[in-house]
Amino acid sequence: MPTSTTAPRPFRPAVSARSMMLLHHVLDRRIPVWHAVASGLRKAPLLYGAFTFGERVTKERLFGCRMCGQCELPSTAYACPMTCPKQLRNGPCGGVGMDGSCEVYPGTRCVWLVAYERAEAEGRASDLRRLQRPMDQRKWGQSSWVNYWLGEDEDLWTDDSSELPARR
Amino acid sequence: MTFERNGAEPHPSLREKLQQGDFVVTAEIGPPRSASLQALRRKARLLKGCIDAANVTDGQSAIVRVASWAGCVALLQEGVEPIMQLQCRDRNRIGLQSDLLGAAAIGIPNVLLLTGDHPRFGDHPEAKPVFDFDSIHLLWTARTMRDQARLLSGRQLKVAPSWFIGAVENPFAPPLQFRAERLGKKVAAGAQFIQTQFIFDVPIFARFMQRVRDLGLHERCSILAGVGPVKSLRALEHMCRDVPGMYVPEEIIRRMRGVPEDRVSAEGLAICAETIQQVREIPGVSGVHVMAFAWEDAIPEILQQAGIRRGGTVGVH
């Protein structure tokens with residue numbers, strides 16, 4: 001069941017961007033073992049279900065993950081854009097209050113502002129300039145780790161903001 | 001490529017005027033909450049000749065009103081060049097592309113593509129927000145439809161649209177340092193002109209424009225500075241309190257409160273005219289976008305006070 005039925009609400013990540021950036025090196029898809037693990041999980045529905053459940057529980061706690069199945073966290077300093085009430089994948093809307101509040105939940109900090117501050121602190125503000133493609137709404141509830149390791153979300157974003165080329 | 005293009009464009013159009021380097025004026029017209037477009041037609045006749053094009057808003061503040069495309073058709077009939085606003089709150093990618101094609105097919109030359117206000121602010125807060133796309137996805141899709149005659153799915157269009165594509169940006173919403181970069185993303189995705197949020201604080205806007213120039217964005221995209229008159233102290237309070245992304249500095253509030261009650265609207269008008277004069281001096285600003293909600297009648301007077309003289313007739317010929 002996708003968690004898309006409850007209203008998204010900005011979530012402040014429970015872990016630092018730096019630690020997640022380090023962890024990302026360990027989970028890098030270029031390490032062959034992860035491709036093998038992901039292929040194995042795909043072939044075993046029960047294991048895939050258990051793995052996906054584990055991913056959901058962990059990422060829900062840490063990032064407010066909603067299981068969109070196409071994780072943008074590595075390019076947002078690990079602040080989840082799917083917790084934005086408008087689910088914007090390309091940066092903050094124009095409604096952010098002068099105090100940094102989300103326009104829909106006054107008093108809660110805009111998740112994109114959190115992303116910007118975290119990215120800036122790590123010297124990675126340029127990550128936010130990347131152009132994020134439209135989502136594939138069929139992937140809700142899937143394991144984004146498996147999708148990542150199998151290279152299925154390779155074209156989620158562009159390298160920089162020079163141009164957004166046509167897909168395929 | 002050999003595909004045909006569609007979309008009747010008046011001459012000189014908004015696009016052509018910006019290419020020539022004219023200082024352009026666009027205005028916002030809110031469509032009525034009614035099954036009649038008489039009020040919108042009246043506003044169009046009033047503004048014709050003193051503006052270059054008019055936006056028809058699309059479910060602004062998440063309140064139901066006549067559809068933007070219908071308002072645009074009325075503007076075409078009245079001889080005012082329309083800019084159709086289209087937002088992602090109410091439609092998924094199928095609906096958005098269908099509406100874009102519809103706009104081109106009935107001859108709307110300009111589209112302004114935005115994410116849209118959240119339903120929470122509107123008259124149906126219980127509605128399901130769609131947001132299948134954000135504004136950047138929509139810009140990119142519109143550009144692909146026009147330049148490659150293809151839908152997002154890759155399917156070919158028999159006749160490609162030829163719109164002039166616009167977007168919005170708010171220079172006053174945090175993170176301020178990122179706003180010009182975000183504009184850069186919109187330009188990379190396909191925006192050719194930008195209308196900004198209301199400017200009441202010119203120094204903040206000037207710093208934003210400095211960054212825009214540093215990134216060279218003003219050469220790839222025309223920047224229209226958003227301005228608007230405040231009619232009353234009640235309207236001022238409403239703006240400060242209820243409108244998301246609106247920033248009114250203390251100085252403006254003091255100035256509005258400092259005049260006798262019968263002079264408040266004249267003061268609001270004067271502030272707007274002064275703002276136009278100030279933003280016009282900022283390098284990289286190609287025009288102004290005047291937003292006078294339910295006070296469109298004031299626009300000719302504001303432009304006159306700001307010293308903007310309109311040469312020649314304007315509109316569809």
# chains A, B, ... in the order shown; residues from 1 in each chain; ligands from 1

$ interface_residues --of "chain A" --to "chain B" --cutoff "10 Å" --atoms "only C-alpha atoms" --output "PyMOL selection string"
chain A and resi 7+85-105+110+112-114+116-117+125-126+128-137+160-168

$ select_by_dssp --residues "region 226-296 of chain B" --states "helix (DSSP H, G or I)" --output "number ranges by chain"
B: 233-242, 250-257, 261-280, 296

$ residues_around --residues "Ile253 (chain B)" --least-positions-apart "4" --cutoff "12 Å" --atoms "only C-alpha atoms" --output "PyMOL selection string"
chain B and resi 200-201+230+232-237+239-240+247-249+257-259+264+267-268+271

$ write_last_selection --atoms "N, CA and C atoms" --output "CSV table (one decimal), in the first residue's frame"
chain,number,residue,atom,x,y,z
B,200,PHE,N,7.5,45.1,-3.3
B,200,PHE,CA,7.3,46.3,-2.4
B,200,PHE,C,8.7,46.7,-1.9
B,201,ASP,N,9.6,45.8,-1.9
B,201,ASP,CA,10.9,46.1,-1.4
B,201,ASP,C,11.9,46.1,-2.6
B,230,VAL,N,-2.1,49.0,-3.6
B,230,VAL,CA,-2.9,48.6,-2.5
B,230,VAL,C,-4.0,49.6,-2.3
B,232,SER,N,-6.6,49.8,0.1
B,232,SER,CA,-7.1,50.2,1.4
B,232,SER,C,-6.3,49.5,2.5
B,233,LEU,N,-6.5,50.0,3.7
B,233,LEU,CA,-5.7,49.4,4.8
B,233,LEU,C,-6.2,47.9,5.0
B,234,ARG,N,-7.4,47.7,4.7
B,234,ARG,CA,-7.9,46.3,4.8
B,234,ARG,C,-7.2,45.4,3.9
B,235,ALA,N,-7.1,45.9,2.6
B,235,ALA,CA,-6.4,45.1,1.6
B,235,ALA,C,-4.9,44.9,2.0
B,236,LEU,N,-4.3,45.9,2.6
B,236,LEU,CA,-3.0,45.8,3.1
B,236,LEU,C,-2.8,44.7,4.1
B,237,GLU,N,-3.7,44.7,5.1
B,237,GLU,CA,-3.7,43.7,6.1
B,237,GLU,C,-3.9,42.3,5.5
B,239,MET,N,-3.2,41.3,2.6
B,239,MET,CA,-1.9,40.9,1.8
B,239,MET,C,-0.9,40.4,2.8
B,240,CYS,N,-0.7,41.2,3.9
B,240,CYS,CA,0.4,40.8,4.9
B,240,CYS,C,0.0,39.5,5.6
B,247,TYR,N,5.6,39.8,0.7
B,247,TYR,CA,6.4,40.5,1.7
B,247,TYR,C,6.2,42.0,1.5
B,248,VAL,N,5.6,42.6,2.6
B,248,VAL,CA,5.4,44.0,2.6
B,248,VAL,C,6.2,44.6,3.7
B,249,PRO,N,7.2,45.4,3.4
B,249,PRO,CA,8.1,45.9,4.4
B,249,PRO,C,7.4,47.0,5.3
B,257,ARG,N,-0.4,53.9,6.4
B,257,ARG,CA,-1.2,54.2,7.6
B,257,ARG,C,-1.0,55.7,8.0
B,258,GLY,N,0.0,56.3,7.4
B,258,GLY,CA,0.3,57.7,7.8
B,258,GLY,C,-0.5,58.7,7.1
B,259,VAL,N,-1.4,58.3,6.2
B,259,VAL,CA,-2.2,59.3,5.5
B,259,VAL,C,-3.6,59.3,5.9
B,264,VAL,N,-5.9,57.1,1.4
B,264,VAL,CA,-5.1,55.8,1.4
B,264,VAL,C,-5.0,55.3,0.0
B,267,GLU,N,-2.5,57.0,-2.1
B,267,GLU,CA,-1.2,56.7,-1.7
B,267,GLU,C,-0.7,55.4,-2.2
B,268,GLY,N,-1.6,54.4,-2.2
B,268,GLY,CA,-1.3,53.1,-2.7
B,268,GLY,C,-1.0,53.2,-4.2
B,271,ILE,N,2.5,54.8,-4.6
B,271,ILE,CA,3.6,53.9,-4.2
B,271,ILE,C,3.8,52.9,-5.4

$ select_by_dssp --residues "region 125-199 of chain B" --states "strand (DSSP E or B)" --output "VMD selection string"
chain B and resid 150 156 159 to 161 164 to 169 193 to 198

$ closest_residue --among "A:Val146, A:Glu60, A:Ala115, A:Arg9" --to "Arg42 (chain A)" --atoms "only C-alpha atoms"
A:Val146

$ residues_around --residues "Lys59 (chain A)" --least-positions-apart "2" --cutoff "12 Å" --atoms "only C-alpha atoms" --output "list in words"
Phe11, Pro13, Ala14, Val15, Met20, Thr52, Phe53, Gly54, Glu55, Arg56, Val57, Arg61, Leu62, Phe63, Gly64, Cys65, Arg66, Met67, Cys68, Gly69, Cys71, Leu73, Tyr78, Ala79, Cys80, Ser143, Ser144 and Trp145 of chain A

$ write_last_selection --atoms "C-alpha atoms" --output "PDB file, in the first residue's frame"
ATOM      1  CA  PHE A  11       9.708  16.599   7.653  1.00  0.00           C
ATOM      2  CA  PRO A  13      15.487  14.649   8.598  1.00  0.00           C
ATOM      3  CA  ALA A  14      16.615  12.860  11.758  1.00  0.00           C
ATOM      4  CA  VAL A  15      20.155  12.288  10.447  1.00  0.00           C
ATOM      5  CA  MET A  20      24.059   9.885   4.622  1.00  0.00           C
ATOM      6  CA  THR A  52      10.697  -3.141   1.193  1.00  0.00           C
ATOM      7  CA  PHE A  53       9.015  -3.169   4.609  1.00  0.00           C
ATOM      8  CA  GLY A  54      12.403  -2.643   6.248  1.00  0.00           C
ATOM      9  CA  GLU A  55      13.184   0.198   3.858  1.00  0.00           C
ATOM     10  CA  ARG A  56       9.838   1.818   4.620  1.00  0.00           C
ATOM     11  CA  VAL A  57      10.219   1.626   8.399  1.00  0.00           C
ATOM     12  CA  ARG A  61      11.705   7.410  10.710  1.00  0.00           C
ATOM     13  CA  LEU A  62      14.721   9.131   9.219  1.00  0.00           C
ATOM     14  CA  PHE A  63      13.261  11.191   6.384  1.00  0.00           C
ATOM     15  CA  GLY A  64       9.462  11.015   6.597  1.00  0.00           C
ATOM     16  CA  CYS A  65       9.699   8.764   3.505  1.00  0.00           C
ATOM     17  CA  ARG A  66       6.435   8.168   1.653  1.00  0.00           C
ATOM     18  CA  MET A  67       7.748   5.353  -0.576  1.00  0.00           C
ATOM     19  CA  CYS A  68       7.543   7.089  -3.924  1.00  0.00           C
ATOM     20  CA  GLY A  69       9.961   4.441  -5.173  1.00  0.00           C
ATOM     21  CA  CYS A  71      14.356   8.433  -4.352  1.00  0.00           C
ATOM     22  CA  LEU A  73      17.326  12.186  -1.392  1.00  0.00           C
ATOM     23  CA  TYR A  78      18.644  14.077   2.290  1.00  0.00           C
ATOM     24  CA  ALA A  79      15.566  16.224   2.925  1.00  0.00           C
ATOM     25  CA  CYS A  80      12.615  14.459   1.292  1.00  0.00           C
ATOM     26  CA  SER A 143      11.689  -0.301  -3.011  1.00  0.00           C
ATOM     27  CA  SER A 144      13.687   2.664  -4.269  1.00  0.00           C
ATOM     28  CA  TRP A 145      16.910   0.938  -3.235  1.00  0.00           C
TER      29      TRP A 145
END

$ closest_residue --among "A:Thr108, A:Thr83, A:Gln70, A:Ser75" --to "Asp153 (chain A)" --atoms "only C-alpha atoms"
A:Gln70

$ atom_distance --atom1 "CA of Ala306 (chain B)" --atom2 "CA of Phe208 (chain B)"
22.4 Å

$ residues_around --residues "Ala27 (chain B)" --least-positions-apart "3" --cutoff "7 Å" --atoms "only C-alpha atoms" --output "mmCIF file with C-alpha atoms, in the first residue's frame"
data_model
loop_
_atom_site.group_PDB
_atom_site.id
_atom_site.type_symbol
_atom_site.label_atom_id
_atom_site.label_comp_id
_atom_site.auth_asym_id
_atom_site.auth_seq_id
_atom_site.Cartn_x
_atom_site.Cartn_y
_atom_site.Cartn_z
ATOM 1 C CA ILE B 51 -1.111 47.365 -21.879
ATOM 2 C CA ALA B 53 -0.952 41.722 -22.962
ATOM 3 C CA ALA B 54 -3.114 40.467 -20.129
ATOM 4 C CA ASN B 55 -2.925 37.350 -17.997
ATOM 5 C CA HIS B 289 3.397 43.122 -14.717
ATOM 6 C CA VAL B 290 0.603 44.992 -12.922
ATOM 7 C CA MET B 291 -1.615 43.054 -10.542
#

$ residues_around --residues "Glu122 (chain A)" --least-positions-apart "5" --cutoff "9 Å" --atoms "only C-alpha atoms" --output "list in words"
Ala17, Arg18, Ala77 and Glu117 of chain A

$ decode --residues "region 128-146 of chain A" --atoms "C-alpha atoms" --output "PDB file, in the first residue's frame"
ATOM      1  CA  LEU A 128      19.689  21.653  -6.078  1.00  0.00           C
ATOM      2  CA  ARG A 129      20.256  23.163  -9.532  1.00  0.00           C
ATOM      3  CA  ARG A 130      19.733  19.791 -11.141  1.00  0.00           C
ATOM      4  CA  LEU A 131      16.540  19.439 -13.106  1.00  0.00           C
ATOM      5  CA  GLN A 132      14.368  16.676 -11.741  1.00  0.00           C
ATOM      6  CA  ARG A 133      12.208  14.816 -14.215  1.00  0.00           C
ATOM      7  CA  PRO A 134       8.496  14.110 -13.724  1.00  0.00           C
ATOM      8  CA  MET A 135       7.741  11.161 -11.452  1.00  0.00           C
ATOM      9  CA  ASP A 136       6.584   7.754 -12.544  1.00  0.00           C
ATOM     10  CA  GLN A 137       3.437   7.475 -10.421  1.00  0.00           C
ATOM     11  CA  ARG A 138       3.379   3.686 -10.905  1.00  0.00           C
ATOM     12  CA  LYS A 139       6.406   3.258  -8.654  1.00  0.00           C
ATOM     13  CA  TRP A 140       4.696   4.196  -5.372  1.00  0.00           C
ATOM     14  CA  GLY A 141       5.261   1.508  -2.758  1.00  0.00           C
ATOM     15  CA  GLN A 142       8.239  -0.027  -4.553  1.00  0.00           C
ATOM     16  CA  SER A 143      11.689  -0.301  -3.011  1.00  0.00           C
ATOM     17  CA  SER A 144      13.687   2.664  -4.269  1.00  0.00           C
ATOM     18  CA  TRP A 145      16.910   0.938  -3.235  1.00  0.00           C
ATOM     19  CA  VAL A 146      16.158  -1.982  -5.537  1.00  0.00           C
TER      20      VAL A 146
END
